[in-house]
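Enquirer: Dropping the structure in here first, questions after.
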Amino acid sequence: MPDTAAENLKSTPLEALHVGLGAKMVPFAGYNMPVQYPLGVLKEHLHTRDQAGLFDVSHMGQAELTGPDVDAALETLVPGDLKGLKPGQIRYTLLLNEAGGIIDDLMVTRPAEVGKENTLYLVVNAACKDGDFAHIAAKLKGRATLARHEDAALLALQGPKAVAVLSKFIPAAALMGFMTSRVDTFEDVTVRLFRSGYTGEDGYEISVPVAAATSVANALLAEPSVQAIGLGARDSLRLEAGLCLYGSDIDTATTPSEAALNWVIGTRRRAEGGFPGAAKILDQIKNGAPKKRVGIKPLGKAPARAHTEIQDGNGQSIGEITSGGFGPSFNGPVAMGYVTSAFAKIGTPVTLIVRGQPHPAEIAALPFVPHRYFKS
Amino acid sequence: MSETRFTKDHEWIKIEGKLGTVGITQFAQSQLGDIVFVEVPAAGKAVKAGGEAAVVESVKAASEVYSPVSGTVKEGNSALPDAPETVNSDPQGAGWFFKIELSDAKELDGLMDQAAYDKYVAELA
């Protein structure tokens, strides 16, 4: 799709590599990004679930937050238990506003290295990064200092073969637990590894200096089980895995309870509060929220896309789809969205209005495809 | 004797007398990528030139298929809903969408012939 603002798009360090591989490039979050390669979205998706896919996620925001009480400081902005985060552990959490709305979702890591005891490593969404980092820096002024890592690219290697591939280069990668991080060397390049990802599969995210990004990516792509995978398959993979896309499934108008993300709020944080919107969110945890994010399975073949209206059996509007499409591994249409809480029970029949016509669907359990994260 | 005409939206129509067979072009399928869902019109449906007549969806997005001409649908390709990938593999053959009885053959004059369409696509690339 041509884009009139193409000349204003930013590039990741791997742009030339994508173009060389024959990728179809599209604007995404202000970056010129590969939406698919010649393999195509369907086969890229299936390849990732079957073997291993390499994704360029360098557009995401990486930063270090440092301060003498950095855990307590960041806990004033997120509902996650950061004080309980062990060295080398990663936590998925949410930046919240005072109304309990979600400013962004992010990964927070406590580095295991000596000298990083007062530092947390943050990875946030590309489209939100400038706002997030400004918000964090302003709110924590005097308590913690935020340093952006513009000098680092980010690769994701996802799928059942990811461990075998990466441990050829970094033997210790195989020993890492799910949602842990370590610093190691990849052919003499210092990299930060995270055993995490956003596909529902086992895998890694690899933070690598910009200058070495292409050589690391090429080394991984030279492995027979690895294919380059674009944003199209990244979206269908995360949708099947029931994972939220910020800006579609969660935003400042949704709370953690509404988004079915209560699990991100630890026991201590529920008892103590002290995060933005705590009064509202803790009340919703106790008494329920007015709407809830659910999986929605169309019973026919037609995919139902974002903004599709959801109705009850009487033609009353009860919600809207926020992400929807065809699930290549599920081999059928899949969706998620919000419904009035009375209709959120799994198995509830609902009607989707697709191109003006009613289509039967039902509330379904998430994920559509079981997670296969590494269990040590 | 049949001839094929093309729209700027990348539909083709193959004319045989008063009957036209409509589908999307090789270029269109290559731009859409893997097609996972197709909805074809029922026989008897009246369509206008440029009006929505069918739906084609890739993994990523839904697109409308517009009728190149006005007329009455005689037949939708009933094989497509169960094998939407046919549109990728044979877009200008077995991947046809519907057959239409033309109400105004003069509308064909506003469509491109093969040479004009090839030039149009070359300029898009």
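Convention: chains lettered A, B, ... in structure tokens order; per-chain residue numbering from 1; ligands numbered from 1 as shown.
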Counting only C-alpha atoms, which residues of chain A fall within 9 Å of chain B, and what is the closest atom pair for each with its distance in Å at one decimal, ordered by chain and rising number, as CSV?
Expert:
```
residue,atom,partner,partner_atom,distance
A:Gly40,CA,B:Gly33,CA,6.4
A:Val41,CA,B:Asp34,CA,6.8
A:Leu42,CA,B:Asp34,CA,6.2
A:Lys43,CA,B:Asp34,CA,8.7
A:Gly232,CA,B:Lys60,CA,6.4
A:Ala233,CA,B:Val59,CA,8.4
A:Asp235,CA,B:Lys60,CA,8.5
A:Ser236,CA,B:Val59,CA,7.6
A:Lys301,CA,B:Phe37,CA,7.0
A:Ala302,CA,B:Phe37,CA,6.4
A:Pro303,CA,B:Phe37,CA,7.6
A:Arg305,CA,B:Ala61,CA,7.9
A:Gly325,CA,B:Val59,CA,6.3
A:Phe326,CA,B:Val59,CA,5.3
A:Gly327,CA,B:Val59,CA,7.6
A:Pro328,CA,B:Val59,CA,7.8
A:Gly332,CA,B:Val36,CA,8.6
```
Enquirer: Find the residues near Ile15 of chain B: any atom within 8 Å, counting only C-alpha atoms, skip ones fewer than 6 places away on the same chain, and give them as a PDB file with N, CA, C and O atoms, in the first residue's frame.
Expert:
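Below is the file result-v2.pdb, written as the result:
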```pdb
ATOM      1  N   SER B   2     -14.593 -15.058 -27.392  1.00  0.00           N
ATOM      2  CA  SER B   2     -14.748 -14.356 -26.118  1.00  0.00           C
ATOM      3  C   SER B   2     -13.654 -13.303 -25.982  1.00  0.00           C
ATOM      4  O   SER B   2     -12.625 -13.376 -26.644  1.00  0.00           O
ATOM      5  N   GLU B   3     -13.923 -12.319 -25.155  1.00  0.00           N
ATOM      6  CA  GLU B   3     -12.872 -11.346 -24.872  1.00  0.00           C
ATOM      7  C   GLU B   3     -12.914 -11.010 -23.384  1.00  0.00           C
ATOM      8  O   GLU B   3     -13.950 -11.170 -22.732  1.00  0.00           O
ATOM      9  N   THR B   4     -11.773 -10.570 -22.866  1.00  0.00           N
ATOM     10  CA  THR B   4     -11.683 -10.276 -21.449  1.00  0.00           C
ATOM     11  C   THR B   4     -11.361  -8.798 -21.257  1.00  0.00           C
ATOM     12  O   THR B   4     -10.512  -8.256 -21.948  1.00  0.00           O
ATOM     13  N   ARG B   5     -12.097  -8.183 -20.334  1.00  0.00           N
ATOM     14  CA  ARG B   5     -11.864  -6.780 -19.999  1.00  0.00           C
ATOM     15  C   ARG B   5     -11.511  -6.665 -18.505  1.00  0.00           C
ATOM     16  O   ARG B   5     -11.794  -7.576 -17.729  1.00  0.00           O
ATOM     17  N   THR B  21     -18.221 -13.710 -17.149  1.00  0.00           N
ATOM     18  CA  THR B  21     -17.685 -14.404 -15.971  1.00  0.00           C
ATOM     19  C   THR B  21     -16.698 -13.457 -15.295  1.00  0.00           C
ATOM     20  O   THR B  21     -15.840 -12.889 -15.985  1.00  0.00           O
TER      21      THR B  21
END
```
Enquirer: Excluding Thr180 of chain A and residues on its chain fewer than 6 positions from it, collect all residues at most 12 Å away from it, counting only C-alpha atoms, and give them as a list in words.
Expert: Leu85, Lys86, Pro87, Gly88, Gln89, Ile90, Arg91, Tyr92, Met107, Val108, Thr109, Arg110, Pro111, Ala112, Ala173, Ala174, Arg192, Leu193, Phe194, Arg195, Ser196, Gly197, Gly203, Tyr204, Glu205, Phe374, Lys375 and Ser376 of chain A
Enquirer: Show which residues sit within 7 Å of His307 of chain A, as a list in words. Count only C-alpha atoms, and ignore same-chain residues fewer than 2 positions away.
Expert: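 Counting only the stated atoms, we get Arg305, Glu309, Glu320, Ile321 and Thr322 of chain A.
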Enquirer: May I have the selected residues written with N, CA, C and O atoms, as a PDB file, in the first residue's frame?
Expert:
```
ATOM      1  N   ARG A 305     -13.875  -8.933  11.674  1.00  0.00           N
ATOM      2  CA  ARG A 305     -12.715  -8.066  11.926  1.00  0.00           C
ATOM      3  C   ARG A 305     -12.990  -7.096  13.068  1.00  0.00           C
ATOM      4  O   ARG A 305     -14.123  -6.988  13.548  1.00  0.00           O
ATOM      5  N   GLU A 309     -19.814  -5.322  15.264  1.00  0.00           N
ATOM      6  CA  GLU A 309     -20.757  -5.233  16.381  1.00  0.00           C
ATOM      7  C   GLU A 309     -21.155  -6.625  16.867  1.00  0.00           C
ATOM      8  O   GLU A 309     -21.370  -7.541  16.062  1.00  0.00           O
ATOM      9  N   GLU A 320     -18.288  -5.179  21.070  1.00  0.00           N
ATOM     10  CA  GLU A 320     -17.595  -4.984  19.801  1.00  0.00           C
ATOM     11  C   GLU A 320     -16.339  -5.850  19.759  1.00  0.00           C
ATOM     12  O   GLU A 320     -15.653  -6.021  20.776  1.00  0.00           O
ATOM     13  N   ILE A 321     -16.049  -6.371  18.571  1.00  0.00           N
ATOM     14  CA  ILE A 321     -14.796  -7.102  18.371  1.00  0.00           C
ATOM     15  C   ILE A 321     -13.645  -6.102  18.278  1.00  0.00           C
ATOM     16  O   ILE A 321     -13.781  -5.049  17.652  1.00  0.00           O
ATOM     17  N   THR A 322     -12.526  -6.436  18.926  1.00  0.00           N
ATOM     18  CA  THR A 322     -11.367  -5.536  18.907  1.00  0.00           C
ATOM     19  C   THR A 322     -10.222  -6.095  18.065  1.00  0.00           C
ATOM     20  O   THR A 322      -9.385  -5.332  17.583  1.00  0.00           O
TER      21      THR A 322
END
```
Enquirer: Give me, please, the distance in Å between atom CA of Ala73 of chain A and atom CA of Lys129 of chain A, quoted to one decimal.
Expert: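 Taking atom CA of Ala73 of chain A as the start and atom CA of Lys129 of chain A as the end point, the length is 18.9 Å.
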Enquirer: Find the spatial neighbours of Ile310 of chain A, counting only C-alpha atoms, within a cut-off of 9 Å - ignore same-chain residues fewer than 2 positions away - and output them as a list in words.
Expert: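 Using only C-alpha atoms, the neighbours found are Thr308, Asp312, Gly315, Gln316, Ser317, Ile318, Gly319, Glu320, Ile321, Gly337, Tyr338, Val339, Val350, Thr351, Leu352 and Ile353 of chain A.
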Enquirer: Restricting it to N, CA, C and O atoms, dump the selection as a PDB file, in the first residue's frame.
Expert:
```pdb
ATOM      1  N   THR A 308     -16.388  -5.017  14.529  1.00  0.00           N
ATOM      2  CA  THR A 308     -17.633  -5.736  14.245  1.00  0.00           C
ATOM      3  C   THR A 308     -18.528  -5.664  15.488  1.00  0.00           C
ATOM      4  O   THR A 308     -18.088  -5.914  16.602  1.00  0.00           O
ATOM      5  N   ASP A 312     -26.822  -9.588  21.236  1.00  0.00           N
ATOM      6  CA  ASP A 312     -27.415 -10.755  21.892  1.00  0.00           C
ATOM      7  C   ASP A 312     -28.496 -11.332  20.965  1.00  0.00           C
ATOM      8  O   ASP A 312     -28.683 -10.851  19.837  1.00  0.00           O
ATOM      9  N   GLY A 315     -31.074  -8.894  19.279  1.00  0.00           N
ATOM     10  CA  GLY A 315     -30.665  -7.774  18.439  1.00  0.00           C
ATOM     11  C   GLY A 315     -30.160  -6.575  19.215  1.00  0.00           C
ATOM     12  O   GLY A 315     -29.954  -5.500  18.634  1.00  0.00           O
ATOM     13  N   GLN A 316     -29.960  -6.749  20.536  1.00  0.00           N
ATOM     14  CA  GLN A 316     -29.403  -5.653  21.338  1.00  0.00           C
ATOM     15  C   GLN A 316     -27.885  -5.681  21.234  1.00  0.00           C
ATOM     16  O   GLN A 316     -27.268  -6.748  21.342  1.00  0.00           O
ATOM     17  N   SER A 317     -27.285  -4.508  21.082  1.00  0.00           N
ATOM     18  CA  SER A 317     -25.829  -4.425  21.008  1.00  0.00           C
ATOM     19  C   SER A 317     -25.230  -4.701  22.385  1.00  0.00           C
ATOM     20  O   SER A 317     -25.641  -4.112  23.385  1.00  0.00           O
ATOM     21  N   ILE A 318     -24.281  -5.650  22.465  1.00  0.00           N
ATOM     22  CA  ILE A 318     -23.661  -5.977  23.753  1.00  0.00           C
ATOM     23  C   ILE A 318     -22.145  -5.809  23.726  1.00  0.00           C
ATOM     24  O   ILE A 318     -21.478  -6.046  24.729  1.00  0.00           O
ATOM     25  N   GLY A 319     -21.613  -5.365  22.582  1.00  0.00           N
ATOM     26  CA  GLY A 319     -20.171  -5.154  22.560  1.00  0.00           C
ATOM     27  C   GLY A 319     -19.618  -5.078  21.160  1.00  0.00           C
ATOM     28  O   GLY A 319     -20.357  -4.939  20.183  1.00  0.00           O
ATOM     29  N   GLU A 320     -18.288  -5.179  21.070  1.00  0.00           N
ATOM     30  CA  GLU A 320     -17.595  -4.984  19.801  1.00  0.00           C
ATOM     31  C   GLU A 320     -16.339  -5.850  19.759  1.00  0.00           C
ATOM     32  O   GLU A 320     -15.653  -6.021  20.776  1.00  0.00           O
ATOM     33  N   ILE A 321     -16.049  -6.371  18.571  1.00  0.00           N
ATOM     34  CA  ILE A 321     -14.796  -7.102  18.371  1.00  0.00           C
ATOM     35  C   ILE A 321     -13.645  -6.102  18.278  1.00  0.00           C
ATOM     36  O   ILE A 321     -13.781  -5.049  17.652  1.00  0.00           O
ATOM     37  N   GLY A 337     -12.853  -9.606  21.839  1.00  0.00           N
ATOM     38  CA  GLY A 337     -13.517  -8.317  21.939  1.00  0.00           C
ATOM     39  C   GLY A 337     -14.120  -8.160  23.315  1.00  0.00           C
ATOM     40  O   GLY A 337     -13.858  -8.982  24.220  1.00  0.00           O
ATOM     41  N   TYR A 338     -14.903  -7.120  23.469  1.00  0.00           N
ATOM     42  CA  TYR A 338     -15.525  -6.833  24.760  1.00  0.00           C
ATOM     43  C   TYR A 338     -17.026  -7.060  24.676  1.00  0.00           C
ATOM     44  O   TYR A 338     -17.659  -6.652  23.699  1.00  0.00           O
ATOM     45  N   VAL A 339     -17.579  -7.702  25.712  1.00  0.00           N
ATOM     46  CA  VAL A 339     -19.033  -7.817  25.841  1.00  0.00           C
ATOM     47  C   VAL A 339     -19.429  -7.389  27.248  1.00  0.00           C
ATOM     48  O   VAL A 339     -18.626  -7.453  28.191  1.00  0.00           O
ATOM     49  N   VAL A 350     -23.788 -15.624  20.709  1.00  0.00           N
ATOM     50  CA  VAL A 350     -23.908 -14.205  20.365  1.00  0.00           C
ATOM     51  C   VAL A 350     -24.043 -14.100  18.843  1.00  0.00           C
ATOM     52  O   VAL A 350     -23.862 -15.086  18.128  1.00  0.00           O
ATOM     53  N   THR A 351     -24.368 -12.901  18.379  1.00  0.00           N
ATOM     54  CA  THR A 351     -24.511 -12.658  16.946  1.00  0.00           C
ATOM     55  C   THR A 351     -23.537 -11.564  16.523  1.00  0.00           C
ATOM     56  O   THR A 351     -23.434 -10.542  17.203  1.00  0.00           O
ATOM     57  N   LEU A 352     -22.833 -11.801  15.428  1.00  0.00           N
ATOM     58  CA  LEU A 352     -21.901 -10.807  14.899  1.00  0.00           C
ATOM     59  C   LEU A 352     -22.503 -10.200  13.638  1.00  0.00           C
ATOM     60  O   LEU A 352     -23.027 -10.933  12.791  1.00  0.00           O
ATOM     61  N   ILE A 353     -22.431  -8.889  13.532  1.00  0.00           N
ATOM     62  CA  ILE A 353     -22.985  -8.216  12.352  1.00  0.00           C
ATOM     63  C   ILE A 353     -21.829  -7.941  11.383  1.00  0.00           C
ATOM     64  O   ILE A 353     -21.055  -7.011  11.561  1.00  0.00           O
TER      65      ILE A 353
END
```
Enquirer: Taking the DSSP assignment computed from this structure's backbone, write out as a PyMOL selection string all residues of segment 146-354 of chain A that belong to strand (DSSP E).
Expert: chain A and resi 146-148+152-158+181-186+189-194+203-209+226-228+291-298+309-311+317-327+332-340+349-354
Enquirer: Can you tell me which residues surround Val123 of chain A at a distance of at most 7 Å, considering only C-alpha atoms, apart from same-chain residues fewer than 4 positions away, and format the answer as a compact mmCIF listing (two decimals) with all heavy atoms, in the first residue's frame?
Expert:
```
# COMPACT_ATOMS: atom_id res chain seq x y z
N MET A 60 10.26 -1.45 18.80
CA MET A 60 9.80 -1.33 20.19
C MET A 60 10.80 -0.52 21.00
O MET A 60 11.96 -0.36 20.61
CB MET A 60 9.59 -2.72 20.79
CG MET A 60 8.48 -3.48 20.05
SD MET A 60 8.12 -5.10 20.71
CE MET A 60 7.11 -4.66 22.11
N GLY A 61 10.33 0.02 22.12
CA GLY A 61 11.17 0.92 22.92
C GLY A 61 11.88 0.17 24.04
O GLY A 61 11.25 -0.54 24.81
N GLN A 62 13.18 0.32 24.08
CA GLN A 62 13.98 -0.30 25.15
C GLN A 62 14.59 0.82 26.00
O GLN A 62 15.06 1.82 25.47
CB GLN A 62 15.10 -1.16 24.58
CG GLN A 62 14.61 -2.23 23.60
CD GLN A 62 15.77 -3.07 23.06
OE1 GLN A 62 16.48 -3.74 23.79
NE2 GLN A 62 15.98 -3.00 21.75
N ALA A 63 14.60 0.60 27.31
CA ALA A 63 15.18 1.61 28.19
C ALA A 63 15.58 0.98 29.52
O ALA A 63 15.06 -0.07 29.90
CB ALA A 63 14.18 2.74 28.45
N LEU A 106 3.77 -3.58 28.95
CA LEU A 106 5.24 -3.59 28.84
C LEU A 106 5.84 -4.78 29.59
O LEU A 106 5.18 -5.42 30.40
CB LEU A 106 5.83 -2.29 29.39
CG LEU A 106 5.75 -2.03 30.89
CD1 LEU A 106 6.83 -1.03 31.29
CD2 LEU A 106 4.38 -1.48 31.30
N MET A 107 7.09 -5.05 29.25
CA MET A 107 7.88 -6.07 29.94
C MET A 107 8.90 -5.37 30.83
O MET A 107 9.61 -4.47 30.36
CB MET A 107 8.62 -6.96 28.94
CG MET A 107 7.70 -7.82 28.08
SD MET A 107 6.95 -9.17 29.01
CE MET A 107 6.37 -10.17 27.64
N VAL A 108 8.95 -5.79 32.10
CA VAL A 108 9.93 -5.24 33.04
C VAL A 108 10.84 -6.37 33.48
O VAL A 108 10.36 -7.42 33.92
CB VAL A 108 9.23 -4.61 34.27
CG1 VAL A 108 10.28 -4.08 35.26
CG2 VAL A 108 8.29 -3.50 33.84
```
Enquirer: Can you list, as a PyMOL selection string, every protein, DNA or RNA residue that comes within 8 Å of Leu102 of chain B when you count only C-alpha atoms, leaving out same-chain residues fewer than 4 positions away?
Expert: chain B and resi 18-20+69-72
Enquirer: Could you take the residues named above and write them with all heavy atoms, as a PDB file, in the first residue's frame?
Expert:
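The resulting file, selection_31.pdb, is shown below:
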```
ATOM      1  N   LYS B  18     -24.120 -12.402 -24.094  1.00  0.00           N
ATOM      2  CA  LYS B  18     -24.680 -11.524 -23.057  1.00  0.00           C
ATOM      3  C   LYS B  18     -24.202 -11.932 -21.659  1.00  0.00           C
ATOM      4  O   LYS B  18     -24.582 -11.337 -20.656  1.00  0.00           O
ATOM      5  CB  LYS B  18     -26.214 -11.577 -23.113  1.00  0.00           C
ATOM      6  CG  LYS B  18     -26.787 -10.784 -24.265  1.00  0.00           C
ATOM      7  CD  LYS B  18     -28.189 -10.292 -23.967  1.00  0.00           C
ATOM      8  CE  LYS B  18     -28.149  -9.111 -23.009  1.00  0.00           C
ATOM      9  NZ  LYS B  18     -29.462  -8.473 -22.827  1.00  0.00           N
ATOM     10  N   LEU B  19     -23.376 -12.999 -21.609  1.00  0.00           N
ATOM     11  CA  LEU B  19     -22.956 -13.524 -20.305  1.00  0.00           C
ATOM     12  C   LEU B  19     -21.497 -13.163 -20.029  1.00  0.00           C
ATOM     13  O   LEU B  19     -20.641 -13.274 -20.916  1.00  0.00           O
ATOM     14  CB  LEU B  19     -23.137 -15.052 -20.311  1.00  0.00           C
ATOM     15  CG  LEU B  19     -23.314 -15.736 -18.967  1.00  0.00           C
ATOM     16  CD1 LEU B  19     -24.582 -15.244 -18.270  1.00  0.00           C
ATOM     17  CD2 LEU B  19     -23.341 -17.240 -19.133  1.00  0.00           C
ATOM     18  N   GLY B  20     -21.245 -12.725 -18.807  1.00  0.00           N
ATOM     19  CA  GLY B  20     -19.876 -12.420 -18.398  1.00  0.00           C
ATOM     20  C   GLY B  20     -19.482 -13.264 -17.187  1.00  0.00           C
ATOM     21  O   GLY B  20     -20.304 -13.508 -16.303  1.00  0.00           O
ATOM     22  N   VAL B  69     -19.688  -4.692 -14.384  1.00  0.00           N
ATOM     23  CA  VAL B  69     -20.838  -4.255 -15.195  1.00  0.00           C
ATOM     24  C   VAL B  69     -22.132  -4.419 -14.395  1.00  0.00           C
ATOM     25  O   VAL B  69     -22.165  -5.114 -13.380  1.00  0.00           O
ATOM     26  CB  VAL B  69     -20.963  -5.110 -16.493  1.00  0.00           C
ATOM     27  CG1 VAL B  69     -19.786  -4.877 -17.424  1.00  0.00           C
ATOM     28  CG2 VAL B  69     -21.095  -6.598 -16.136  1.00  0.00           C
ATOM     29  N   SER B  70     -23.210  -3.785 -14.886  1.00  0.00           N
ATOM     30  CA  SER B  70     -24.530  -3.963 -14.282  1.00  0.00           C
ATOM     31  C   SER B  70     -25.182  -5.214 -14.859  1.00  0.00           C
ATOM     32  O   SER B  70     -24.891  -5.599 -15.990  1.00  0.00           O
ATOM     33  CB  SER B  70     -25.413  -2.746 -14.585  1.00  0.00           C
ATOM     34  OG  SER B  70     -24.762  -1.564 -14.185  1.00  0.00           O
ATOM     35  N   GLY B  71     -26.060  -5.813 -14.058  1.00  0.00           N
ATOM     36  CA  GLY B  71     -26.771  -6.982 -14.562  1.00  0.00           C
ATOM     37  C   GLY B  71     -27.306  -7.855 -13.455  1.00  0.00           C
ATOM     38  O   GLY B  71     -27.414  -7.422 -12.307  1.00  0.00           O
ATOM     39  N   THR B  72     -27.632  -9.079 -13.814  1.00  0.00           N
ATOM     40  CA  THR B  72     -28.206 -10.032 -12.872  1.00  0.00           C
ATOM     41  C   THR B  72     -27.265 -11.233 -12.740  1.00  0.00           C
ATOM     42  O   THR B  72     -26.835 -11.805 -13.752  1.00  0.00           O
ATOM     43  CB  THR B  72     -29.585 -10.525 -13.377  1.00  0.00           C
ATOM     44  OG1 THR B  72     -30.397  -9.385 -13.624  1.00  0.00           O
ATOM     45  CG2 THR B  72     -30.262 -11.414 -12.343  1.00  0.00           C
TER      46      THR B  72
END
```
Enquirer: Rank B:Val73, B:Ala54, B:Ala49, B:Ala43 by their smallest atom-to-atom distance to Ile100 of chain B, using only C-alpha atoms, and report the top residue only.
Expert: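 So, comparing all the options, the nearest one is B:Val73.
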Enquirer: Write down as an MDAnalysis selection string the residues belonging to segment 1-78 of chain B that are assigned alpha helix (DSSP H) by DSSP computed on the backbone.
Expert: chainID B and resid 26:32
Enquirer: Would you mind exporting the chosen residues as a short mmCIF file (atom, residue, chain, number, x, y, z; two decimals), in the first residue's frame, restricted to all heavy atoms?
Expert:
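Result saved to part_8.cif:
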```cif
data_model
loop_
_atom_site.label_atom_id
_atom_site.label_comp_id
_atom_site.auth_asym_id
_atom_site.auth_seq_id
_atom_site.Cartn_x
_atom_site.Cartn_y
_atom_site.Cartn_z
N GLN B 26 -4.61 -11.80 -11.50
CA GLN B 26 -3.36 -12.34 -10.95
C GLN B 26 -2.69 -11.29 -10.05
O GLN B 26 -2.24 -11.59 -8.95
CB GLN B 26 -2.44 -12.74 -12.11
CG GLN B 26 -1.03 -13.15 -11.72
CD GLN B 26 -1.02 -14.41 -10.87
OE1 GLN B 26 -1.90 -15.24 -10.99
NE2 GLN B 26 -0.02 -14.53 -10.02
N PHE B 27 -2.69 -10.04 -10.53
CA PHE B 27 -2.10 -8.96 -9.73
C PHE B 27 -2.84 -8.80 -8.40
O PHE B 27 -2.24 -8.67 -7.34
CB PHE B 27 -2.13 -7.64 -10.52
CG PHE B 27 -1.60 -6.47 -9.74
CD1 PHE B 27 -0.23 -6.25 -9.62
CD2 PHE B 27 -2.48 -5.58 -9.13
CE1 PHE B 27 0.26 -5.16 -8.90
CE2 PHE B 27 -1.99 -4.48 -8.41
CZ PHE B 27 -0.63 -4.28 -8.30
N ALA B 28 -4.19 -8.84 -8.46
CA ALA B 28 -4.99 -8.66 -7.24
C ALA B 28 -4.70 -9.76 -6.23
O ALA B 28 -4.50 -9.50 -5.05
CB ALA B 28 -6.48 -8.64 -7.59
N GLN B 29 -4.67 -11.00 -6.69
CA GLN B 29 -4.44 -12.10 -5.74
C GLN B 29 -3.03 -12.01 -5.14
O GLN B 29 -2.84 -12.31 -3.97
CB GLN B 29 -4.74 -13.48 -6.36
CG GLN B 29 -3.71 -14.05 -7.33
CD GLN B 29 -2.48 -14.64 -6.64
OE1 GLN B 29 -2.52 -14.98 -5.46
NE2 GLN B 29 -1.38 -14.72 -7.37
N SER B 30 -2.07 -11.54 -5.96
CA SER B 30 -0.71 -11.45 -5.43
C SER B 30 -0.61 -10.35 -4.38
O SER B 30 0.15 -10.45 -3.42
CB SER B 30 0.30 -11.22 -6.56
OG SER B 30 0.19 -9.89 -7.04
N GLN B 31 -1.41 -9.29 -4.55
CA GLN B 31 -1.42 -8.21 -3.56
C GLN B 31 -2.14 -8.64 -2.28
O GLN B 31 -1.74 -8.27 -1.18
CB GLN B 31 -2.10 -6.96 -4.14
CG GLN B 31 -1.30 -6.29 -5.23
CD GLN B 31 0.00 -5.69 -4.71
OE1 GLN B 31 0.00 -4.84 -3.84
NE2 GLN B 31 1.12 -6.16 -5.24
N LEU B 32 -3.21 -9.41 -2.41
CA LEU B 32 -3.98 -9.83 -1.24
C LEU B 32 -3.23 -10.85 -0.40
O LEU B 32 -3.34 -10.86 0.82
CB LEU B 32 -5.32 -10.44 -1.68
CG LEU B 32 -6.35 -9.46 -2.23
CD1 LEU B 32 -7.49 -10.21 -2.91
CD2 LEU B 32 -6.89 -8.58 -1.12
#
```
Enquirer: To one decimal place in Å, what is the distance between atom CA of Arg372 of chain A and atom CA of Glu201 of chain A?
Expert: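 So the answer is 4.9 Å.
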Enquirer: Given only C-alpha atoms as the basis, pick out the residue of B:Val40, B:Glu101, B:Glu64, B:Asn77 nearest to Asp9 of chain B.
Expert: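 The shortest atom-to-atom distance to Asp9 of chain B comes from B:Glu64.
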Enquirer: Could you tell me how far atom CA of Val65 of chain B lies from atom CA of Gly51 of chain B, in Å and to one decimal?
Expert: 8.4 Å
Enquirer: Find, counting only C-alpha atoms, the residue in A:Gly230, A:Gly53, A:Pro333, A:Gly100 that gets nearest to Met33 of chain A.
Expert: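 Smallest distance to Met33 of chain A is found for A:Gly230.
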Enquirer: Point out the residue among A:Arg148, A:His47, A:Arg238, A:Lys161 with the least atom-to-atom distance to Asp202 of chain A, counting only C-alpha atoms.
Expert: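 Result for the nearest residue to Asp202 of chain A: A:Lys161.
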